[in-house]
Every structure is written in structure tokens, then in C-alpha cells.
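Asks: Structure: target34.tsv, TSV, C-alpha atoms.
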chain	number	residue	atom	x	y	z
A	35	MET	CA	-25.56	78.68	-72.35
A	36	TYR	CA	-26.58	78.06	-75.96
A	37	LEU	CA	-24.50	81.01	-77.07
A	38	SER	CA	-21.28	80.04	-75.36
A	39	PHE	CA	-21.69	76.45	-76.54
A	40	LEU	CA	-22.38	77.54	-80.13
A	41	LYS	CA	-19.31	79.77	-80.08
A	42	SER	CA	-17.17	76.81	-79.06
A	43	VAL	CA	-18.76	74.85	-81.96
A	44	LYS	CA	-17.97	77.69	-84.36
A	45	ASN	CA	-14.44	77.71	-82.99
A	46	LYS	CA	-14.13	74.07	-84.10
A	47	GLU	CA	-15.24	75.23	-87.59
A	48	LEU	CA	-18.43	73.17	-87.61
A	49	GLU	CA	-20.78	74.89	-90.04
A	50	PHE	CA	-23.96	73.07	-88.95
A	51	ILE	CA	-25.20	71.57	-85.72
A	52	THR	CA	-28.24	69.43	-84.94
A	53	ALA	CA	-30.59	69.68	-81.95
A	54	PRO	CA	-29.71	66.14	-80.75
A	55	LYS	CA	-26.00	67.06	-80.79
A	56	ILE	CA	-26.66	70.27	-78.79
A	57	ALA	CA	-28.91	68.24	-76.47
A	58	LYS	CA	-26.18	65.67	-75.81
A	59	GLU	CA	-23.49	68.25	-75.12
A	60	LEU	CA	-25.61	70.47	-72.88
A	61	HIS	CA	-27.57	67.64	-71.19
A	62	ILE	CA	-30.94	69.09	-72.26
A	63	GLY	CA	-33.82	67.27	-73.94
A	64	PRO	CA	-33.87	67.79	-77.75
A	65	THR	CA	-37.54	68.86	-77.63
A	66	GLN	CA	-36.61	71.64	-75.16
A	67	ILE	CA	-34.07	72.90	-77.69
A	68	THR	CA	-36.55	72.83	-80.58
A	69	LYS	CA	-39.04	74.64	-78.33
A	70	ASP	CA	-36.53	77.30	-77.22
A	71	PHE	CA	-35.34	77.94	-80.76
A	72	SER	CA	-38.84	78.08	-82.23
A	73	TYR	CA	-39.66	80.73	-79.56
A	74	ILE	CA	-37.16	82.98	-81.31
A	75	ASN	CA	-38.36	81.84	-84.74
A	76	ILE	CA	-35.47	79.56	-85.56
A	77	ILE	CA	-36.38	76.36	-87.37
A	78	GLY	CA	-33.67	73.87	-88.34
A	79	LYS	CA	-33.40	71.93	-91.58
A	80	THR	CA	-34.18	68.20	-91.41
A	81	LYS	CA	-31.02	66.10	-91.01
A	82	ILE	CA	-28.75	69.14	-91.51
A	83	GLY	CA	-29.74	71.07	-88.40
A	84	TYR	CA	-28.93	74.69	-87.75
A	85	GLU	CA	-26.29	76.84	-89.39
A	86	THR	CA	-23.95	77.68	-86.51
A	87	SER	CA	-23.09	81.26	-87.40
A	88	THR	CA	-26.68	82.28	-88.20
A	89	LEU	CA	-27.89	80.66	-84.99
A	90	ILE	CA	-25.30	82.65	-83.02
A	91	SER	CA	-26.35	85.84	-84.73
A	92	VAL	CA	-30.10	85.33	-84.07
A	93	ILE	CA	-29.48	84.49	-80.41
A	94	GLU	CA	-27.24	87.55	-80.08
A	95	ASP	CA	-30.01	89.69	-81.58
A	96	PHE	CA	-32.55	88.18	-79.20
A	97	LEU	CA	-30.29	88.80	-76.21
A	98	GLY	CA	-29.78	92.40	-77.20
A	99	TYR	CA	-26.09	92.26	-78.14
A	100	HIS	CA	-26.77	94.90	-80.76
A	101	ILE	CA	-28.28	97.34	-78.27
A	102	SER	CA	-25.60	99.31	-76.44
A	103	ILE	CA	-26.03	99.74	-72.71
A	104	LYS	CA	-23.98	101.95	-70.42
A	105	ALA	CA	-22.60	100.95	-67.03
A	106	PHE	CA	-20.66	102.23	-64.03
A	107	LEU	CA	-18.16	99.90	-62.38
A	108	VAL	CA	-17.49	100.18	-58.63
A	109	GLY	CA	-14.38	98.52	-57.21
A	110	ILE	CA	-11.05	98.50	-59.04
A	111	GLY	CA	-9.34	95.58	-57.29
A	112	ASN	CA	-8.05	92.57	-59.22
A	113	LEU	CA	-11.46	91.46	-60.45
A	114	GLY	CA	-12.57	95.03	-61.20
A	115	MET	CA	-9.39	95.52	-63.20
A	116	ALA	CA	-10.09	92.31	-65.16
A	117	ILE	CA	-13.64	93.56	-65.85
A	118	ILE	CA	-12.54	97.04	-66.96
A	119	LYS	CA	-9.95	95.51	-69.30
A	120	TYR	CA	-12.25	92.79	-70.67
A	121	ASN	CA	-12.11	93.13	-74.46
A	122	LYS	CA	-15.44	91.68	-75.48
A	123	PHE	CA	-17.89	93.95	-73.66
A	124	ASN	CA	-17.94	96.50	-76.47
A	125	GLN	CA	-18.87	93.91	-79.09
A	126	GLU	CA	-21.53	92.56	-76.71
A	127	GLY	CA	-23.07	96.03	-76.33
A	128	LEU	CA	-21.83	96.96	-72.85
A	129	GLU	CA	-20.03	100.26	-72.45
A	130	ILE	CA	-18.46	100.93	-69.06
A	131	ILE	CA	-18.32	104.74	-68.98
A	132	ALA	CA	-16.78	105.33	-65.55
A	133	GLY	CA	-15.11	103.47	-62.71
A	134	PHE	CA	-15.23	104.22	-58.98
A	135	ASP	CA	-12.93	103.23	-56.15
A	136	ILE	CA	-11.84	104.31	-52.68
A	137	GLU	CA	-8.08	103.81	-53.09
A	138	PRO	CA	-6.34	107.19	-53.59
A	139	GLU	CA	-3.80	105.65	-56.00
A	140	ASN	CA	-6.59	104.52	-58.31
A	141	ILE	CA	-8.60	107.75	-58.36
A	142	GLY	CA	-7.90	109.83	-61.45
A	143	ARG	CA	-6.41	106.89	-63.37
A	144	VAL	CA	-7.61	106.15	-66.88
A	145	ILE	CA	-7.77	102.43	-67.69
A	146	ASN	CA	-8.86	101.21	-71.10
A	147	ASP	CA	-10.12	104.78	-71.77
A	148	ILE	CA	-12.29	104.64	-68.63
A	149	LYS	CA	-11.68	107.22	-65.90
A	150	ILE	CA	-11.73	106.21	-62.22
A	151	PHE	CA	-13.48	108.55	-59.77
A	152	ASN	CA	-13.81	108.61	-56.00
A	153	ILE	CA	-16.86	106.61	-54.92
A	154	ASP	CA	-18.15	109.83	-53.28
A	155	LYS	CA	-18.79	111.13	-56.80
A	156	PHE	CA	-21.09	108.25	-57.76
A	157	LYS	CA	-24.39	110.13	-57.29
A	158	GLU	CA	-23.09	113.26	-59.01
A	159	LYS	CA	-21.81	111.28	-62.02
A	160	PHE	CA	-25.04	109.27	-62.18
A	161	ASN	CA	-27.10	112.45	-62.29
A	162	GLU	CA	-24.89	113.81	-65.10
A	163	THR	CA	-25.04	110.57	-67.12
A	164	PRO	CA	-27.57	108.01	-65.86
A	165	VAL	CA	-26.60	104.42	-66.67
A	166	ASP	CA	-28.72	101.26	-66.74
A	167	ILE	CA	-26.27	98.92	-65.04
A	168	GLY	CA	-24.16	99.24	-61.92
A	169	ILE	CA	-21.37	96.67	-61.74
A	170	ILE	CA	-20.10	95.80	-58.24
A	171	SER	CA	-16.68	94.25	-57.68
A	172	VAL	CA	-15.90	95.44	-54.16
A	173	PRO	CA	-14.98	93.36	-51.10
A	174	THR	CA	-17.87	91.32	-49.65
A	175	ASN	CA	-18.47	93.53	-46.63
A	176	GLN	CA	-19.04	96.61	-48.81
A	177	SER	CA	-21.18	95.20	-51.61
A	178	GLN	CA	-24.61	95.77	-50.03
A	179	ASN	CA	-23.73	99.41	-49.19
A	180	ILE	CA	-22.68	100.07	-52.77
A	181	ALA	CA	-25.85	98.36	-54.03
A	182	ASN	CA	-27.94	100.62	-51.74
A	183	THR	CA	-26.23	103.73	-53.18
A	184	MET	CA	-26.97	102.53	-56.70
A	185	ILE	CA	-30.62	101.84	-55.86
A	186	GLU	CA	-31.01	105.30	-54.26
A	187	CYS	CA	-29.72	106.83	-57.49
A	188	GLY	CA	-32.41	104.98	-59.44
A	189	ILE	CA	-30.34	102.37	-61.23
A	190	LYS	CA	-32.34	99.66	-63.04
A	191	ALA	CA	-29.95	96.72	-62.86
A	192	ILE	CA	-27.08	95.61	-60.65
A	193	TRP	CA	-24.46	93.13	-61.79
A	194	ASN	CA	-22.86	91.82	-58.63
A	195	PHE	CA	-19.41	90.16	-58.78
A	196	SER	CA	-18.81	90.19	-55.03
A	197	GLU	CA	-18.64	86.89	-53.16
A	198	ILE	CA	-22.12	87.08	-51.63
A	199	PRO	CA	-25.50	87.80	-53.23
A	200	ILE	CA	-27.03	91.22	-52.55
A	201	SER	CA	-30.63	92.14	-51.68
A	202	ALA	CA	-32.70	94.69	-53.56
A	203	PRO	CA	-36.36	95.61	-54.11
A	204	ASP	CA	-38.21	93.44	-56.66
A	205	ASN	CA	-38.18	96.14	-59.33
A	206	ILE	CA	-34.36	96.08	-59.49
A	207	ILE	CA	-32.75	93.52	-61.81
A	208	ILE	CA	-30.05	91.65	-59.92
A	209	GLU	CA	-27.52	89.38	-61.56
A	210	ASN	CA	-24.99	87.70	-59.29
A	211	THR	CA	-21.96	86.45	-61.20
A	212	SER	CA	-19.47	84.38	-59.33
A	213	ILE	CA	-16.07	83.23	-60.56
A	214	ASP	CA	-16.67	79.86	-58.91
A	215	SER	CA	-19.80	79.09	-60.95
A	216	GLY	CA	-18.07	76.49	-63.14
A	217	LEU	CA	-16.50	74.57	-60.26
A	218	ALA	CA	-19.58	72.53	-59.37
A	219	ILE	CA	-19.88	71.36	-62.98
A	220	ILE	CA	-16.23	70.32	-63.20
A	221	LYS	CA	-16.38	68.47	-59.90
A	222	TRP	CA	-19.60	66.75	-60.91
A	223	GLN	CA	-17.99	65.63	-64.18
A	224	LEU	CA	-14.84	64.43	-62.41
A	225	ASN	CA	-16.95	62.38	-59.99
A	226	LYS	CA	-19.86	61.22	-62.10
A	227	ASN	CA	-18.32	57.85	-62.86
A	228	LYS	CA	-17.50	57.26	-59.22
A	229	PRO	CA	-20.04	55.92	-56.71
A	230	LEU	CA	-22.44	58.63	-55.55
A	231	ILE	CA	-20.96	60.34	-52.53
A	232	TYR	CA	-23.90	62.41	-51.33
A	233	LYS	CA	-25.94	61.12	-48.45
A	234	ASN	CA	-29.48	60.01	-49.18
A	235	ARG	CA	-31.70	62.28	-47.22
A	236	ILE	CA	-35.36	63.10	-47.24
A	237	LEU	CA	-36.15	66.69	-46.34
B	262	MET	CA	-28.03	77.65	-60.62
B	263	TYR	CA	-30.17	76.14	-57.85
B	264	LEU	CA	-27.31	76.50	-55.40
B	265	SER	CA	-26.56	80.15	-56.04
B	266	PHE	CA	-30.28	80.96	-56.00
B	267	LEU	CA	-30.80	79.06	-52.72
B	268	LYS	CA	-27.88	80.88	-51.15
B	269	SER	CA	-29.47	84.21	-52.02
B	270	VAL	CA	-32.71	82.90	-50.43
B	271	LYS	CA	-30.82	81.88	-47.29
B	272	ASN	CA	-29.21	85.32	-47.29
B	273	LYS	CA	-32.72	86.80	-47.06
B	274	GLU	CA	-33.27	84.54	-44.00
B	275	LEU	CA	-36.09	82.56	-45.60
B	276	GLU	CA	-36.17	79.20	-43.83
B	277	PHE	CA	-38.38	77.40	-46.36
B	278	ILE	CA	-38.92	77.67	-50.09
B	279	THR	CA	-41.49	76.05	-52.37
B	280	ALA	CA	-40.94	74.57	-55.83
B	281	PRO	CA	-43.38	77.07	-57.47
B	282	LYS	CA	-41.41	79.96	-55.90
B	283	ILE	CA	-38.09	78.55	-57.17
B	284	ALA	CA	-39.75	77.93	-60.55
B	285	LYS	CA	-40.93	81.53	-60.81
B	286	GLU	CA	-37.57	83.03	-59.85
B	287	LEU	CA	-35.48	80.79	-62.10
B	288	HIS	CA	-37.97	80.62	-65.01
B	289	ILE	CA	-38.11	76.80	-64.87
B	290	GLY	CA	-41.22	74.60	-64.81
B	291	PRO	CA	-42.14	73.43	-61.25
B	292	THR	CA	-42.27	69.79	-62.40
B	293	GLN	CA	-38.66	70.08	-63.64
B	294	ILE	CA	-37.66	71.19	-60.15
B	295	THR	CA	-39.50	68.35	-58.43
B	296	LYS	CA	-37.86	65.96	-60.93
B	297	ASP	CA	-34.36	67.38	-60.39
B	298	PHE	CA	-34.68	67.32	-56.62
B	299	SER	CA	-36.15	63.82	-56.51
B	300	TYR	CA	-33.13	62.68	-58.59
B	301	ILE	CA	-30.98	63.58	-55.59
B	302	ASN	CA	-33.56	62.14	-53.17
B	303	ILE	CA	-34.99	65.43	-51.93
B	304	ILE	CA	-38.72	65.49	-51.37
B	305	GLY	CA	-40.44	68.66	-50.15
B	306	LYS	CA	-43.23	68.90	-47.58
B	307	THR	CA	-46.70	69.75	-48.90
B	308	LYS	CA	-47.43	73.48	-48.67
B	309	ILE	CA	-44.23	74.14	-46.68
B	310	GLY	CA	-41.73	73.26	-49.38
B	311	TYR	CA	-38.04	72.65	-48.83
B	312	GLU	CA	-35.91	73.71	-45.90
B	313	THR	CA	-33.44	76.12	-47.48
B	314	SER	CA	-30.32	75.22	-45.50
B	315	THR	CA	-30.82	71.44	-45.80
B	316	LEU	CA	-31.48	71.79	-49.53
B	317	ILE	CA	-28.23	73.74	-49.93
B	318	SER	CA	-26.34	71.11	-47.98
B	319	VAL	CA	-27.71	68.17	-50.01
B	320	ILE	CA	-26.96	69.92	-53.32
B	321	GLU	CA	-23.45	70.75	-52.09
B	322	ASP	CA	-22.95	67.07	-51.20
B	323	PHE	CA	-24.23	66.02	-54.62
B	324	LEU	CA	-21.93	68.47	-56.37
B	325	GLY	CA	-18.93	67.20	-54.44
B	326	TYR	CA	-18.25	70.29	-52.32
B	327	HIS	CA	-17.06	67.99	-49.57
B	328	ILE	CA	-14.48	66.27	-51.75
B	329	SER	CA	-11.27	68.26	-51.95
B	330	ILE	CA	-9.67	68.60	-55.38
B	331	LYS	CA	-6.27	70.08	-56.18
B	332	ALA	CA	-5.52	72.50	-58.98
B	333	PHE	CA	-2.72	74.43	-60.67
B	334	LEU	CA	-3.44	77.97	-61.85
B	335	VAL	CA	-1.66	79.36	-64.92
B	336	GLY	CA	-1.65	83.12	-65.50
B	337	ILE	CA	-1.33	85.63	-62.66
B	338	GLY	CA	-2.75	88.72	-64.34
B	339	ASN	CA	-5.72	90.61	-62.87
B	340	LEU	CA	-8.18	87.76	-63.25
B	341	GLY	CA	-5.62	85.15	-62.09
B	342	MET	CA	-4.94	87.29	-59.04
B	343	ALA	CA	-8.69	87.48	-58.30
B	344	ILE	CA	-8.90	83.68	-58.64
B	345	ILE	CA	-5.90	82.99	-56.40
B	346	LYS	CA	-7.30	85.33	-53.74
B	347	TYR	CA	-10.88	84.05	-53.97
B	348	ASN	CA	-11.90	83.13	-50.43
B	349	LYS	CA	-14.58	80.53	-51.06
B	350	PHE	CA	-12.63	77.89	-53.02
B	351	ASN	CA	-11.43	76.14	-49.88
B	352	GLN	CA	-14.94	75.74	-48.49
B	353	GLU	CA	-16.07	74.51	-51.92
B	354	GLY	CA	-13.36	71.85	-51.97
B	355	LEU	CA	-10.89	73.39	-54.42
B	356	GLU	CA	-7.30	73.76	-53.34
B	357	ILE	CA	-5.00	75.69	-55.68
B	358	ILE	CA	-1.59	74.31	-54.76
B	359	ALA	CA	0.63	76.25	-57.17
B	360	GLY	CA	0.51	79.16	-59.59
B	361	PHE	CA	2.48	79.67	-62.81
B	362	ASP	CA	3.32	82.77	-64.78
B	363	ILE	CA	5.83	84.15	-67.26
B	364	GLU	CA	6.38	87.58	-65.66
B	365	PRO	CA	9.71	87.64	-63.77
B	366	GLU	CA	8.26	89.92	-61.06
B	367	ASN	CA	5.58	87.32	-60.26
B	368	ILE	CA	7.84	84.25	-60.15
B	369	GLY	CA	8.76	83.29	-56.60
B	370	ARG	CA	5.95	85.32	-55.06
B	371	VAL	CA	3.66	83.71	-52.50
B	372	ILE	CA	0.05	84.87	-52.74
B	373	ASN	CA	-2.59	83.57	-50.35
B	374	ASP	CA	-0.07	80.86	-49.31
B	375	ILE	CA	0.30	79.76	-52.96
B	376	LYS	CA	3.74	79.93	-54.58
B	377	ILE	CA	4.13	81.18	-58.15
B	378	PHE	CA	6.56	79.28	-60.42
B	379	ASN	CA	7.86	79.88	-63.92
B	380	ILE	CA	5.54	78.25	-66.46
B	381	ASP	CA	8.60	76.24	-67.63
B	382	LYS	CA	8.29	74.27	-64.36
B	383	PHE	CA	4.71	73.16	-65.03
B	384	LYS	CA	5.53	69.61	-66.18
B	385	GLU	CA	8.07	69.08	-63.39
B	386	LYS	CA	5.66	70.28	-60.70
B	387	PHE	CA	2.83	68.21	-62.19
B	388	ASN	CA	4.99	65.07	-62.04
B	389	GLU	CA	5.84	65.81	-58.41
B	390	THR	CA	2.20	66.48	-57.43
B	391	PRO	CA	-0.37	65.57	-60.08
B	392	VAL	CA	-3.54	67.68	-59.89
B	393	ASP	CA	-7.00	67.06	-61.35
B	394	ILE	CA	-7.72	70.57	-62.57
B	395	GLY	CA	-5.67	73.06	-64.56
B	396	ILE	CA	-7.03	76.59	-64.36
B	397	ILE	CA	-6.17	78.90	-67.26
B	398	SER	CA	-6.30	82.68	-66.92
B	399	VAL	CA	-3.75	83.74	-69.52
B	400	PRO	CA	-4.23	86.14	-72.46
B	401	THR	CA	-6.40	84.75	-75.29
B	402	ASN	CA	-3.55	84.07	-77.70
B	403	GLN	CA	-1.77	81.80	-75.20
B	404	SER	CA	-4.66	79.81	-73.77
B	405	GLN	CA	-4.63	76.95	-76.30
B	406	ASN	CA	-0.85	76.46	-75.84
B	407	ILE	CA	-1.23	76.24	-72.08
B	408	ALA	CA	-4.14	73.83	-72.50
B	409	ASN	CA	-1.95	71.64	-74.75
B	410	THR	CA	0.79	71.54	-72.09
B	411	MET	CA	-1.76	70.52	-69.46
B	412	ILE	CA	-3.16	67.79	-71.70
B	413	GLU	CA	0.34	66.44	-72.44
B	414	CYS	CA	0.92	66.18	-68.68
B	415	GLY	CA	-2.22	64.06	-68.34
B	416	ILE	CA	-4.54	66.52	-66.63
B	417	LYS	CA	-8.20	65.39	-66.36
B	418	ALA	CA	-10.00	68.73	-66.37
B	419	ILE	CA	-9.31	72.26	-67.63
B	420	TRP	CA	-11.12	75.29	-66.27
B	421	ASN	CA	-10.65	77.99	-68.86
B	422	PHE	CA	-11.13	81.65	-67.91
B	423	SER	CA	-9.59	83.09	-71.07
B	424	GLU	CA	-11.81	85.02	-73.49
B	425	ILE	CA	-12.13	82.23	-76.07
B	426	PRO	CA	-13.10	78.57	-75.65
B	427	ILE	CA	-10.30	76.01	-75.99
B	428	SER	CA	-10.25	72.68	-77.82
B	429	ALA	CA	-9.31	69.36	-76.23
B	430	PRO	CA	-9.79	65.62	-76.83
B	431	ASP	CA	-13.18	64.25	-75.73
B	432	ASN	CA	-11.74	62.57	-72.63
B	433	ILE	CA	-10.70	65.91	-71.14
B	434	ILE	CA	-13.30	67.79	-69.11
B	435	ILE	CA	-13.45	71.38	-70.29
B	436	GLU	CA	-15.29	74.14	-68.48
B	437	ASN	CA	-15.19	77.59	-70.03
B	438	THR	CA	-16.07	80.31	-67.53
B	439	SER	CA	-16.47	83.79	-68.84
B	440	ILE	CA	-16.89	86.94	-66.79
B	441	ASP	CA	-19.45	88.17	-69.32
B	442	SER	CA	-21.82	85.23	-68.78
B	443	GLY	CA	-24.38	87.26	-66.82
B	444	LEU	CA	-24.56	90.11	-69.31
B	445	ALA	CA	-27.00	88.45	-71.72
B	446	ILE	CA	-29.41	87.76	-68.85
B	447	ILE	CA	-29.29	91.36	-67.58
B	448	LYS	CA	-29.80	92.77	-71.06
B	449	TRP	CA	-32.65	90.39	-71.71
B	450	GLN	CA	-34.32	91.44	-68.47
B	451	LEU	CA	-33.79	95.14	-69.21
B	452	ASN	CA	-35.38	94.70	-72.63
B	453	LYS	CA	-38.06	92.09	-72.06
B	454	ASN	CA	-40.84	94.62	-71.60
B	455	LYS	CA	-39.84	96.49	-74.72
B	456	PRO	CA	-40.92	95.42	-78.22
B	457	LEU	CA	-38.83	92.50	-79.47
B	458	ILE	CA	-35.78	93.83	-81.23
B	459	TYR	CA	-34.46	90.68	-82.86
B	460	LYS	CA	-35.20	90.13	-86.51
B	461	ASN	CA	-37.56	87.30	-87.38
B	462	ARG	CA	-35.56	84.88	-89.38
B	463	ILE	CA	-35.99	81.30	-90.48
B	464	LEU	CA	-32.73	79.38	-90.73
So that I can check it, write out the structure of this file as C-alpha cells.

Replies:
Amino acid sequence: MYLSFLKSVKNKELEFITAPKIAKELHIGPTQITKDFSYINIIGKTKIGYETSTLISVIEDFLGYHISIKAFLVGIGNLGMAIIKYNKFNQEGLEIIAGFDIEPENIGRVINDIKIFNIDKFKEKFNETPVDIGIISVPTNQSQNIANTMIECGIKAIWNFSEIPISAPDNIIIENTSIDSGLAIIKWQLNKNKPLIYKNRIL
Amino acid sequence: MYLSFLKSVKNKELEFITAPKIAKELHIGPTQITKDFSYINIIGKTKIGYETSTLISVIEDFLGYHISIKAFLVGIGNLGMAIIKYNKFNQEGLEIIAGFDIEPENIGRVINDIKIFNIDKFKEKFNETPVDIGIISVPTNQSQNIANTMIECGIKAIWNFSEIPISAPDNIIIENTSIDSGLAIIKWQLNKNKPLIYKNRIL
């Protein structure tokens, strides 16, 4: 959240930003920000604040942008195609090294230098070149099956773009990313000046 | 964040959840959770916690899931196609009522009951049926132009899926959603048990 906000600040060519300004924009307490930043050894200058570009760079370091991680992508539908073509993954340290699909017309294709294999080959390809992350962008009813295959292979992390969350043992890192994640925030902002519409309820 | 976590809990068929459990999973302090939930008038039962499905329903109410909002979508590439076909928007109260593109082969198509028009028709269609939200899923170099057109028309909110954040006057609600937003979290989790790799730096 900090990172994407700071990048929008940088985009506006603001060289410095203060904790109270970040706090206001992100609806977080300023002391939380100071605490978070001091955890990664960032201390702002009084009245001037933080230098935007250095702050971005330190957060990127902390988040491991400069460590490259390999991934397999399963599901080359519309969203899978958007993921495989996404330009920023390389600079963020994510390298998708193979794609998998079930559609005959997709198998054998090379998209953005990434070859698409039949999903049957997943285990074989994983054994040849183990990856840390399995990305899932298949239809909802297939996502848990694909996750199970990945877990059997010994994958460490699953990044799930399907419409429902998946289950996995506790030792597997699961990140569910949904394209609707911003909608609640927009709707809340559109309605925040209107009378509260939710029912008062005590659970 | 609460909502998507609670849905994964419900998916695991857990009927109740406690604040400390939510706190642990989401890396938030338990008092923050109690505070957030009491803000929307939700009080848990001692030792039992919160009923998952009721909690989901109250948060959905609060976030305006039960208010329907109309949107135009601009850009019918891979990501735009994934957005237009996304099944859950209707249940979340978002109705995309028209799509816009520049590709001749897309114009006139009807996808998921949504008709695609030439981007030249945006202003005309907006005047006929004003919408609250403009969704942008065009290539990076065109996103600011499309945003400007939307703002000229008098749109209230822009949901930007392009790879860079867009600028707008303060009265416009901007939500930048990026498909890479989960990557930092996965990489952090993959690396958190390894020695810290970021450089110690004082800004």
C-alpha cells in the first residue's frame, strides 16, 4: 500500500513527503507510519519528511524486489494472458518461466517469450526446474485441483487469481488476488458522505 | 482485507472466528480489529468470537455491496475482457453497462450482455446514461487521456487498471488496482525467515 501510494506521489513529481500527508491519504495514524518506517530503518527529516524516491527504493529492497523469483502460470484465459503480458513483473523480480493450459490452440504457443505447455506436463516441468510460485488463473471450478497439483509437486507459494479462495496446508503461502479488490473502496468513498446505509446489528 | 479473509474462512466452513485469530492471520493488532468492528456496530461474543457469515454480511452492507452502481469500461484487451466477464460484479453491486474500445473488430460486439462502442462515443453515451464509475484498462500510454475524457464528462470515480497511476483533481475518486499488488506480500513471506536483505539506510 505504501509502495503504490509513493509511486503515485513520485508520478506527481513530489520530491518529499511527510508522515502526516501519507497518513491523511491512506487513512492511517501518523504514528503507525513512523513505526512501520522505523522498522525498516527509515527515519524522516523534521518538517521535510521523507525523500520519495529513496523511500520507494528502501521499501522495494525490504519487499525483495531485487531478488528474482521464478514462477509457473496455469490458465491462459483472458486474465492469464494479461498476467503473462504484464510488463512490470521483471522489474519487480518475478520471472514467469512457463505457462500451462488445457486448450489445444494455446499449447505450444510462445507469449512474451514464455512457452505454454499442456497442464499434464506440470509435474515433469516442475521436476526439471522447480519454481517458488505457482500462479493460478483458471476457472473457479478448477482452481482447487490445480492448487492440489502444485502442492503435491512441493511448491512453496500459490498466487491465486481465480474468483474463490483456495485451501492449502499451513506451510504453503497463499495469496488470493482478486480483480474486484478495489471496488469496496470506491463504493465506500462514493457513499461516505451519504447517510450510513448498513443496518445496525449486534452479532 | 477483512472481507476477503472472512470469505476464505467461510470457505473452510468455520462458523465462528475470534479477533485474536483474525489478528494473527492478517498481522493486525487484536484491539485494532475490535475497534474497526465496533465502528460498524459489530460486537463479538466472549470466547466464541464472531459468526463468520453474519460478519461478512454486515461488512458487505457497510461497504455498499447492496447498492448498485453503474460503470463504463474503457479498453477491451485481455484485462478488459477479464473484467467484463468477471462473474461477481453483479452480486457486489457493480453493473458495467457499456464497454469502449478503439479496435474495429471489438466495436459492436456484445460480451456478457455488454455492448462495445467506439471510444469516440464515450461522451455521447455518458450524456445519455451518466455512470458513477469509469473503469480504465487501456495500455499505459493512453490511460491519462482516457481519464481526462472521463473527468471532462463529469465522472465521480475512476477505477484504473493500467500499469501506472493516473492524476486527477482532488474531487475525483481514484482507485488504482494493479494485478501485481499481491507479489510484494508473497515475496516478503517467502523471504521472511531468511536474513534481511534490504540495506540499512537512514533517509

Asks: Distance cut-off 6 Å, counting all atoms listed in the file - which residues of chain B neighbour chain A? Return them as a short mmCIF file (atom, residue, chain, number, x, y, z; two decimals) with C-alpha atoms, keeping the file's coordinate frame.

Replies:
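This went into iface-v9.cif:
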data_model
loop_
_atom_site.label_atom_id
_atom_site.label_comp_id
_atom_site.auth_asym_id
_atom_site.auth_seq_id
_atom_site.Cartn_x
_atom_site.Cartn_y
_atom_site.Cartn_z
CA SER B 269 -29.47 84.21 -52.02
CA ILE B 303 -34.99 65.43 -51.93
CA ILE B 304 -38.72 65.49 -51.37
CA ASP B 322 -22.95 67.07 -51.20
CA PHE B 323 -24.23 66.02 -54.62
CA LEU B 324 -21.93 68.47 -56.37
CA ASN B 339 -5.72 90.61 -62.87
CA LEU B 340 -8.18 87.76 -63.25
CA ALA B 343 -8.69 87.48 -58.30
CA PRO B 426 -13.10 78.57 -75.65
CA ALA B 445 -27.00 88.45 -71.72
CA TRP B 449 -32.65 90.39 -71.71
CA TYR B 459 -34.46 90.68 -82.86
CA ILE B 463 -35.99 81.30 -90.48
CA LEU B 464 -32.73 79.38 -90.73
#

Asks: So what do you get for CA of Glu276 in chain B versus CA of Pro203 in chain A, distance-wise?

Replies: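 Separation of CA of Glu276 in chain B and CA of Pro203 in chain A: 19.4 Å.
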
Asks: In Å, with one decimal, what is the gap from CA of Ile51 in chain A to CA of Gly63 in chain A?

Replies: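 Computing the Euclidean distance for CA of Ile51 in chain A and CA of Gly63 in chain A yields 15.2 Å.
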
Asks: Using only C-alpha atoms for the distances, tell me which of A:Ile136, A:Phe160, A:Tyr73, A:Ile170 is nearest to Ile118 in chain A.

Replies: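 Of A:Ile136, A:Phe160, A:Tyr73, A:Ile170, the one nearest Ile118 in chain A is A:Ile170, counting only C-alpha atoms.
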
Asks: Between B:Asn367, B:Thr295, B:Thr307, B:Asn388, which residue has the minimum interatomic distance to Ile416 in chain B, considering only C-alpha atoms?

Replies: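 Closest candidate: B:Asn388.
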
Asks: For a test of reading the model, state the distance in Å between CA of Pro291 in chain B and CA of Ile62 in chain A, rounded to one decimal.

Replies: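 About the pair CA of Pro291 in chain B and CA of Ile62 in chain A: they are 16.3 Å apart.
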
Asks: Could you check which of A:Lys149, A:His61, A:Lys159, A:Lys69 is closest to Ile110 in chain A, using all atoms listed in the file?

Replies: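 Checking each candidate against Ile110 in chain A, we get A:Lys149 as the closest.
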
Asks: Could you complete range 324-335 of chain B so that it carries N, CA and C atoms, and give it back as a CSV table (one decimal), in the frame of the given file?

Replies:
chain,number,residue,atom,x,y,z
B,324,LEU,N,-22.9,67.8,-55.5
B,324,LEU,CA,-21.9,68.5,-56.4
B,324,LEU,C,-20.5,68.2,-56.0
B,325,GLY,N,-20.3,67.6,-54.8
B,325,GLY,CA,-18.9,67.2,-54.4
B,325,GLY,C,-18.2,68.3,-53.7
B,326,TYR,N,-18.9,69.2,-53.1
B,326,TYR,CA,-18.2,70.3,-52.3
B,326,TYR,C,-17.4,69.7,-51.2
B,327,HIS,N,-17.8,68.5,-50.7
B,327,HIS,CA,-17.1,68.0,-49.6
B,327,HIS,C,-15.9,67.0,-50.0
B,328,ILE,N,-15.7,67.0,-51.3
B,328,ILE,CA,-14.5,66.3,-51.8
B,328,ILE,C,-13.5,67.3,-52.1
B,329,SER,N,-12.3,67.2,-51.6
B,329,SER,CA,-11.3,68.3,-52.0
B,329,SER,C,-10.5,67.9,-53.2
B,330,ILE,N,-10.4,68.8,-54.1
B,330,ILE,CA,-9.7,68.6,-55.4
B,330,ILE,C,-8.6,69.6,-55.5
B,331,LYS,N,-7.4,69.2,-56.0
B,331,LYS,CA,-6.3,70.1,-56.2
B,331,LYS,C,-6.2,70.6,-57.6
B,332,ALA,N,-5.6,71.8,-57.7
B,332,ALA,CA,-5.5,72.5,-59.0
B,332,ALA,C,-4.2,73.3,-59.1
B,333,PHE,N,-3.8,73.5,-60.3
B,333,PHE,CA,-2.7,74.4,-60.7
B,333,PHE,C,-3.4,75.6,-61.4
B,334,LEU,N,-2.9,76.8,-61.2
B,334,LEU,CA,-3.4,78.0,-61.8
B,334,LEU,C,-2.3,78.6,-62.7
B,335,VAL,N,-2.6,78.8,-64.0
B,335,VAL,CA,-1.7,79.4,-64.9
B,335,VAL,C,-2.1,80.7,-65.4
